[in-house]
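Below: data.pdb (PDB, C-alpha atoms)
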ATOM      1  CA  MET W  19       0.000   0.000   0.000  1.00  0.00           C
ATOM      2  CA  ALA W  20       1.308   3.415  -0.914  1.00  0.00           C
ATOM      3  CA  THR W  21       1.589   6.039   1.707  1.00  0.00           C
ATOM      4  CA  PRO W  22      -0.397   9.115   0.916  1.00  0.00           C
ATOM      5  CA  LEU W  23       1.414  12.347   0.375  1.00  0.00           C
ATOM      6  CA  GLY W  24       2.122  14.114   3.620  1.00  0.00           C
ATOM      7  CA  TRP W  25       2.074  11.013   5.663  1.00  0.00           C
ATOM      8  CA  SER W  26       5.080   9.462   7.074  1.00  0.00           C
ATOM      9  CA  LYS W  27       5.854   5.796   7.087  1.00  0.00           C
ATOM     10  CA  ALA W  28       7.096   5.872  10.524  1.00  0.00           C
ATOM     11  CA  GLY W  29       3.786   7.141  11.816  1.00  0.00           C
ATOM     12  CA  SER W  30       1.692   5.441  14.373  1.00  0.00           C
ATOM     13  CA  GLY W  31      -0.192   2.263  13.589  1.00  0.00           C
ATOM     14  CA  SER W  32      -3.536   3.712  14.480  1.00  0.00           C
ATOM     15  CA  VAL W  33      -3.326   6.209  11.625  1.00  0.00           C
ATOM     16  CA  CYS W  34      -2.705   3.417   9.151  1.00  0.00           C
ATOM     17  CA  LEU W  35      -5.549   1.452  10.556  1.00  0.00           C
ATOM     18  CA  ALA W  36      -7.860   4.465  10.287  1.00  0.00           C
ATOM     19  CA  PHE W  37      -6.667   5.039   6.733  1.00  0.00           C
ATOM     20  CA  ASP W  38      -7.355   1.416   5.793  1.00  0.00           C
ATOM     21  CA  GLN W  39     -10.805   1.595   7.301  1.00  0.00           C
ATOM     22  CA  LEU W  40     -11.521   4.866   5.544  1.00  0.00           C
ATOM     23  CA  ARG W  41     -10.387   3.381   2.231  1.00  0.00           C
ATOM     24  CA  ASP W  42     -12.676   0.325   2.778  1.00  0.00           C
ATOM     25  CA  VAL W  43     -15.617   2.611   3.512  1.00  0.00           C
ATOM     26  CA  ILE W  44     -14.941   4.641   0.348  1.00  0.00           C
ATOM     27  CA  GLU W  45     -14.647   1.488  -1.759  1.00  0.00           C
ATOM     28  CA  SER W  46     -17.905   0.116  -0.381  1.00  0.00           C
ATOM     29  CA  GLN W  47     -19.606   3.490  -0.971  1.00  0.00           C
ATOM     30  CA  GLU W  48     -18.311   3.566  -4.556  1.00  0.00           C
ATOM     31  CA  GLU W  49     -19.643   0.047  -5.070  1.00  0.00           C
ATOM     32  CA  LEU W  50     -22.985   1.103  -3.585  1.00  0.00           C
ATOM     33  CA  ILE W  51     -23.060   4.188  -5.839  1.00  0.00           C
ATOM     34  CA  HIS W  52     -22.352   1.986  -8.846  1.00  0.00           C
ATOM     35  CA  GLN W  53     -25.227  -0.375  -7.862  1.00  0.00           C
ATOM     36  CA  LEU W  54     -27.545   2.603  -7.316  1.00  0.00           C
ATOM     37  CA  ARG W  55     -26.672   3.970 -10.748  1.00  0.00           C
ATOM     38  CA  ASN W  56     -27.515   0.590 -12.287  1.00  0.00           C
ATOM     39  CA  VAL W  57     -30.831   0.585 -10.414  1.00  0.00           C
ATOM     40  CA  MET W  58     -31.544   4.120 -11.645  1.00  0.00           C
ATOM     41  CA  VAL W  59     -30.829   3.071 -15.233  1.00  0.00           C
ATOM     42  CA  LEU W  60     -33.208   0.123 -14.835  1.00  0.00           C
ATOM     43  CA  GLN W  61     -35.822   2.386 -13.286  1.00  0.00           C
ATOM     44  CA  ASP W  62     -35.493   4.825 -16.161  1.00  0.00           C
ATOM     45  CA  GLU W  63     -35.994   1.955 -18.596  1.00  0.00           C
ATOM     46  CA  ASN W  64     -38.835   0.204 -16.723  1.00  0.00           C
ATOM     47  CA  PHE W  65     -40.731   3.028 -15.108  1.00  0.00           C
ATOM     48  CA  VAL W  66     -42.784   5.926 -16.424  1.00  0.00           C
ATOM     49  CA  SER W  67     -42.960   9.449 -15.192  1.00  0.00           C
ATOM     50  CA  LYS W  68     -45.730  10.596 -12.918  1.00  0.00           C
ATOM     51  CA  GLU W  69     -47.220  12.710 -15.723  1.00  0.00           C
ATOM     52  CA  GLU W  70     -47.278   9.745 -18.118  1.00  0.00           C
ATOM     53  CA  PHE W  71     -48.839   7.586 -15.426  1.00  0.00           C
ATOM     54  CA  GLN W  72     -51.539  10.167 -14.702  1.00  0.00           C
ATOM     55  CA  ALA W  73     -52.280  10.541 -18.425  1.00  0.00           C
ATOM     56  CA  VAL W  74     -52.622   6.773 -18.832  1.00  0.00           C
ATOM     57  CA  GLU W  75     -54.729   6.574 -15.671  1.00  0.00           C
ATOM     58  CA  LYS W  76     -57.046   9.328 -16.996  1.00  0.00           C
ATOM     59  CA  LYS W  77     -57.337   7.502 -20.307  1.00  0.00           C
ATOM     60  CA  LEU W  78     -58.195   4.275 -18.450  1.00  0.00           C
ATOM     61  CA  VAL W  79     -60.952   6.051 -16.516  1.00  0.00           C
ATOM     62  CA  GLU W  80     -62.332   7.436 -19.805  1.00  0.00           C
ATOM     63  CA  GLU W  81     -62.212   3.996 -21.418  1.00  0.00           C
ATOM     64  CA  LYS W  82     -64.013   2.472 -18.422  1.00  0.00           C
ATOM     65  CA  ALA W  83     -66.749   5.109 -18.756  1.00  0.00           C
ATOM     66  CA  ALA W  84     -67.019   4.443 -22.502  1.00  0.00           C
ATOM     67  CA  HIS W  85     -67.134   0.705 -21.800  1.00  0.00           C
ATOM     68  CA  ALA W  86     -69.967   1.218 -19.316  1.00  0.00           C
ATOM     69  CA  LYS W  87     -71.909   3.247 -21.927  1.00  0.00           C
ATOM     70  CA  THR W  88     -71.265   0.547 -24.519  1.00  0.00           C
ATOM     71  CA  LYS W  89     -72.496  -2.082 -22.079  1.00  0.00           C
ATOM     72  CA  VAL W  90     -75.741  -0.144 -21.560  1.00  0.00           C
ATOM     73  CA  LEU W  91     -76.195   0.224 -25.340  1.00  0.00           C
ATOM     74  CA  LEU W  92     -75.469  -3.471 -25.813  1.00  0.00           C
ATOM     75  CA  ALA W  93     -78.091  -4.367 -23.220  1.00  0.00           C
ATOM     76  CA  LYS W  94     -80.651  -2.176 -25.012  1.00  0.00           C
ATOM     77  CA  GLU W  95     -79.791  -3.712 -28.381  1.00  0.00           C
ATOM     78  CA  GLU W  96     -79.996  -7.219 -26.917  1.00  0.00           C
ATOM     79  CA  GLU W  97     -83.447  -6.358 -25.596  1.00  0.00           C
ATOM     80  CA  LYS W  98     -84.474  -5.097 -29.040  1.00  0.00           C
ATOM     81  CA  LEU W  99     -83.047  -8.238 -30.611  1.00  0.00           C
ATOM     82  CA  GLN W 100     -84.956 -10.506 -28.229  1.00  0.00           C
ATOM     83  CA  PHE W 101     -88.149  -8.560 -28.959  1.00  0.00           C
ATOM     84  CA  ALA W 102     -87.541  -8.838 -32.711  1.00  0.00           C
ATOM     85  CA  LEU W 103     -86.842 -12.566 -32.408  1.00  0.00           C
ATOM     86  CA  GLY W 104     -90.101 -12.946 -30.493  1.00  0.00           C
ATOM     87  CA  GLU W 105     -91.946 -11.083 -33.239  1.00  0.00           C
ATOM     88  CA  VAL W 106     -90.316 -13.264 -35.878  1.00  0.00           C
ATOM     89  CA  GLU W 107     -91.450 -16.363 -34.005  1.00  0.00           C
ATOM     90  CA  VAL W 108     -95.017 -15.053 -33.687  1.00  0.00           C
ATOM     91  CA  LEU W 109     -95.087 -14.063 -37.367  1.00  0.00           C
ATOM     92  CA  SER W 110     -93.652 -17.437 -38.386  1.00  0.00           C
ATOM     93  CA  LYS W 111     -96.406 -19.224 -36.480  1.00  0.00           C
ATOM     94  CA  GLN W 112     -99.024 -16.930 -37.995  1.00  0.00           C
ATOM     95  CA  LEU W 113     -97.574 -17.505 -41.467  1.00  0.00           C
ATOM     96  CA  GLU W 114     -97.676 -21.269 -40.927  1.00  0.00           C
ATOM     97  CA  LYS W 115    -101.343 -21.037 -39.845  1.00  0.00           C
ATOM     98  CA  GLU W 116    -102.178 -18.923 -42.886  1.00  0.00           C
ATOM     99  CA  LYS W 117    -100.285 -21.337 -45.124  1.00  0.00           C
ATOM    100  CA  LEU W 118    -102.298 -24.263 -43.764  1.00  0.00           C
ATOM    101  CA  ALA W 119    -105.542 -22.295 -44.182  1.00  0.00           C
ATOM    102  CA  PHE W 120    -104.554 -21.399 -47.746  1.00  0.00           C
ATOM    103  CA  GLU W 121    -103.700 -25.004 -48.572  1.00  0.00           C
ATOM    104  CA  LYS W 122    -107.044 -26.124 -47.127  1.00  0.00           C
ATOM    105  CA  ALA W 123    -108.909 -23.463 -49.123  1.00  0.00           C
ATOM    106  CA  LEU W 124    -106.952 -24.344 -52.258  1.00  0.00           C
ATOM    107  CA  SER W 125    -107.781 -28.009 -51.798  1.00  0.00           C
ATOM    108  CA  SER W 126    -111.450 -27.113 -51.356  1.00  0.00           C
ATOM    109  CA  VAL W 127    -111.414 -24.947 -54.504  1.00  0.00           C
ATOM    110  CA  LYS W 128    -109.678 -27.698 -56.460  1.00  0.00           C
ATOM    111  CA  SER W 129    -112.308 -30.167 -55.303  1.00  0.00           C
ATOM    112  CA  LYS W 130    -115.123 -27.796 -56.347  1.00  0.00           C
ATOM    113  CA  VAL W 131    -113.426 -27.181 -59.697  1.00  0.00           C
ATOM    114  CA  LEU W 132    -113.183 -30.924 -60.233  1.00  0.00           C
ATOM    115  CA  GLN W 133    -116.867 -31.356 -59.360  1.00  0.00           C
ATOM    116  CA  GLU W 134    -117.896 -28.491 -61.637  1.00  0.00           C
ATOM    117  CA  SER W 135    -115.703 -29.862 -64.405  1.00  0.00           C
ATOM    118  CA  SER W 136    -117.397 -33.234 -64.011  1.00  0.00           C
ATOM    119  CA  LYS W 137    -120.832 -31.556 -64.145  1.00  0.00           C
ATOM    120  CA  LYS W 138    -119.746 -29.598 -67.207  1.00  0.00           C
ATOM    121  CA  ASP W 139    -118.566 -32.805 -68.912  1.00  0.00           C
ATOM    122  CA  GLN W 140    -121.900 -34.458 -68.096  1.00  0.00           C
ATOM    123  CA  LEU W 141    -123.839 -31.501 -69.502  1.00  0.00           C
ATOM    124  CA  ILE W 142    -121.718 -31.465 -72.657  1.00  0.00           C
ATOM    125  CA  THR W 143    -122.334 -35.199 -73.112  1.00  0.00           C
ATOM    126  CA  LYS W 144    -126.061 -34.710 -72.568  1.00  0.00           C
ATOM    127  CA  CYS W 145    -126.072 -31.750 -74.959  1.00  0.00           C
ATOM    128  CA  ASN W 146    -124.219 -33.750 -77.616  1.00  0.00           C
ATOM    129  CA  ASP W 147    -126.691 -36.627 -77.201  1.00  0.00           C
ATOM    130  CA  GLU W 148    -129.598 -34.216 -77.683  1.00  0.00           C
ATOM    131  CA  ARG W 149    -127.894 -32.648 -80.684  1.00  0.00           C
ATOM    132  CA  GLU W 150    -127.399 -36.079 -82.300  1.00  0.00           C
ATOM    133  CA  PHE W 151    -131.018 -36.864 -81.657  1.00  0.00           C
ATOM    134  CA  LEU W 152    -132.143 -33.593 -83.210  1.00  0.00           C
ATOM    135  CA  GLN W 153    -129.853 -33.992 -86.206  1.00  0.00           C
ATOM    136  CA  GLY W 154    -131.390 -37.344 -86.949  1.00  0.00           C
ATOM    137  CA  GLY W 155    -134.246 -35.589 -88.874  1.00  0.00           C
ATOM    138  CA  ASN W 156    -136.981 -37.651 -87.266  1.00  0.00           C
ATOM    139  CA  ILE W 157    -138.387 -34.781 -85.267  1.00  0.00           C
ATOM    140  CA  CYS W 158    -140.866 -33.641 -87.914  1.00  0.00           C
ATOM    141  CA  LYS W 159    -142.147 -37.154 -88.386  1.00  0.00           C
ATOM    142  CA  ASP W 160    -142.405 -37.650 -84.629  1.00  0.00           C
ATOM    143  CA  LEU W 161    -144.229 -34.326 -84.235  1.00  0.00           C
ATOM    144  CA  GLN W 162    -146.702 -35.213 -87.010  1.00  0.00           C
ATOM    145  CA  GLU W 163    -147.386 -38.552 -85.417  1.00  0.00           C
ATOM    146  CA  LEU W 164    -147.951 -36.894 -82.084  1.00  0.00           C
ATOM    147  CA  ARG W 165    -150.284 -34.319 -83.609  1.00  0.00           C
ATOM    148  CA  ALA W 166    -152.224 -36.947 -85.516  1.00  0.00           C
ATOM    149  CA  GLY W 167    -152.850 -38.677 -82.247  1.00  0.00           C
ATOM    150  CA  ALA W 168    -153.895 -35.436 -80.636  1.00  0.00           C
ATOM    151  CA  SER W 169    -156.872 -34.107 -82.601  1.00  0.00           C
ATOM    152  CA  HIS W 170    -157.226 -31.010 -80.526  1.00  0.00           C
ATOM    153  CA  LEU W 171    -153.787 -29.619 -81.674  1.00  0.00           C
ATOM    154  CA  PRO W 172    -153.779 -27.389 -84.761  1.00  0.00           C
ATOM    155  CA  ALA W 173    -152.067 -28.910 -87.802  1.00  0.00           C
ATOM    156  CA  PHE W 174    -148.859 -27.397 -89.121  1.00  0.00           C
ATOM    157  CA  GLY W 175    -149.208 -28.719 -92.597  1.00  0.00           C
ATOM    158  CA  GLN W 176    -147.545 -31.551 -94.357  1.00  0.00           C
ATOM    159  CA  ASP W 177    -144.042 -30.121 -94.616  1.00  0.00           C
ATOM    160  CA  CYS W 178    -142.033 -29.429 -91.488  1.00  0.00           C
ATOM    161  CA  PRO W 179    -139.662 -26.467 -91.744  1.00  0.00           C
ATOM    162  CA  PRO W 180    -135.971 -27.274 -91.248  1.00  0.00           C
ATOM    163  CA  LEU W 181    -134.844 -26.880 -87.635  1.00  0.00           C
ATOM    164  CA  SER W 182    -131.709 -24.994 -86.676  1.00  0.00           C
ATOM    165  CA  LYS W 183    -129.399 -26.348 -83.990  1.00  0.00           C
ATOM    166  CA  ASP W 184    -128.875 -22.826 -82.699  1.00  0.00           C
ATOM    167  CA  LEU W 185    -132.602 -22.404 -82.160  1.00  0.00           C
ATOM    168  CA  LEU W 186    -133.058 -25.804 -80.596  1.00  0.00           C
ATOM    169  CA  LEU W 187    -130.016 -25.876 -78.282  1.00  0.00           C
ATOM    170  CA  PRO W 188    -128.841 -22.345 -77.549  1.00  0.00           C
ATOM    171  CA  SER W 189    -127.351 -23.271 -74.158  1.00  0.00           C
ATOM    172  CA  CYS W 190    -125.379 -26.365 -75.198  1.00  0.00           C
ATOM    173  CA  GLY W 191    -122.160 -24.465 -75.611  1.00  0.00           C
ATOM    174  CA  SER W 192    -122.252 -24.686 -79.410  1.00  0.00           C
ATOM    175  CA  SER W 193    -121.360 -21.583 -81.379  1.00  0.00           C
ATOM    176  CA  GLY W 194    -122.930 -22.888 -84.561  1.00  0.00           C
ATOM    177  CA  PRO W 195    -123.285 -25.972 -86.712  1.00  0.00           C
ATOM    178  CA  GLU W 196    -120.454 -28.485 -86.588  1.00  0.00           C
TER     179      GLU W 196
END
Can you present the structure in this file as structure tokens?
Amino acid sequence: MATPLGWSKAGSGSVCLAFDQLRDVIESQEELIHQLRNVMVLQDENFVSKEEFQAVEKKLVEEKAAHAKTKVLLAKEEEKLQFALGEVEVLSKQLEKEKLAFEKALSSVKSKVLQESSKKDQLITKCNDEREFLQGGNICKDLQELRAGASHLPAFGQDCPPLSKDLLLPSCGSSGPE
């Protein structure tokens, strides 16, 4: 160990001891200062200033308020959605009922149309039978025979005028002679 300037080597032992102790204290303080500087560097890297913290904290409070408002709006929209879904369900049931009623009515109309079509076919057949009978030309002869048997009916003469199908069967659906 070097003797500091102004100290003598031949000095007392207690001064050297005090010097050694003082040097140990300084070395430990320098080591502590070095550790504190490292801690400060880490704090500067890992910590934020009070102003930054307060700004972030204010922003968090604002976001929490906005979140609460959004939650209220979401609850209202969920209520509207549930109401709309209920309406859709009611309308779907009503539509199904109306569909069944329509199908029943349609079936009834189809049945009536089929019946009317059958009646129409029967009438056309009957009309055609009557037309064939009238076209046979035996009507005049049959009428004369009937009148001969009935003396109280006035006579038409010997010749029977020709009969028109349109005059005889106006409601048979015929638009004229075939």
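Here CA of Ala119 (chain W) stands at a distance of 28.0 Å from CA of Lys138 (chain W).
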Contact table region 43-122 of chain W vs region 128-132 of chain W, cut-off 12 Å, shortest pair per residue, all atoms listed in the file, as JSON lines:
{"residue": "W:Phe120", "atom": "CA", "partner": "W:Lys128", "partner_atom": "CA", "distance": 11.9}
{"residue": "W:Glu121", "atom": "CA", "partner": "W:Lys128", "partner_atom": "CA", "distance": 10.3}
{"residue": "W:Lys122", "atom": "CA", "partner": "W:Lys128", "partner_atom": "CA", "distance": 9.8}
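Coordinates place CA of Val127 (chain W) at a distance of 21.9 Å from CA of Ile142 (chain W).
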Mind pulling up the distance from CA of Asp62 (chain W) to CA of Lys76 (chain W)?
22.0 Å
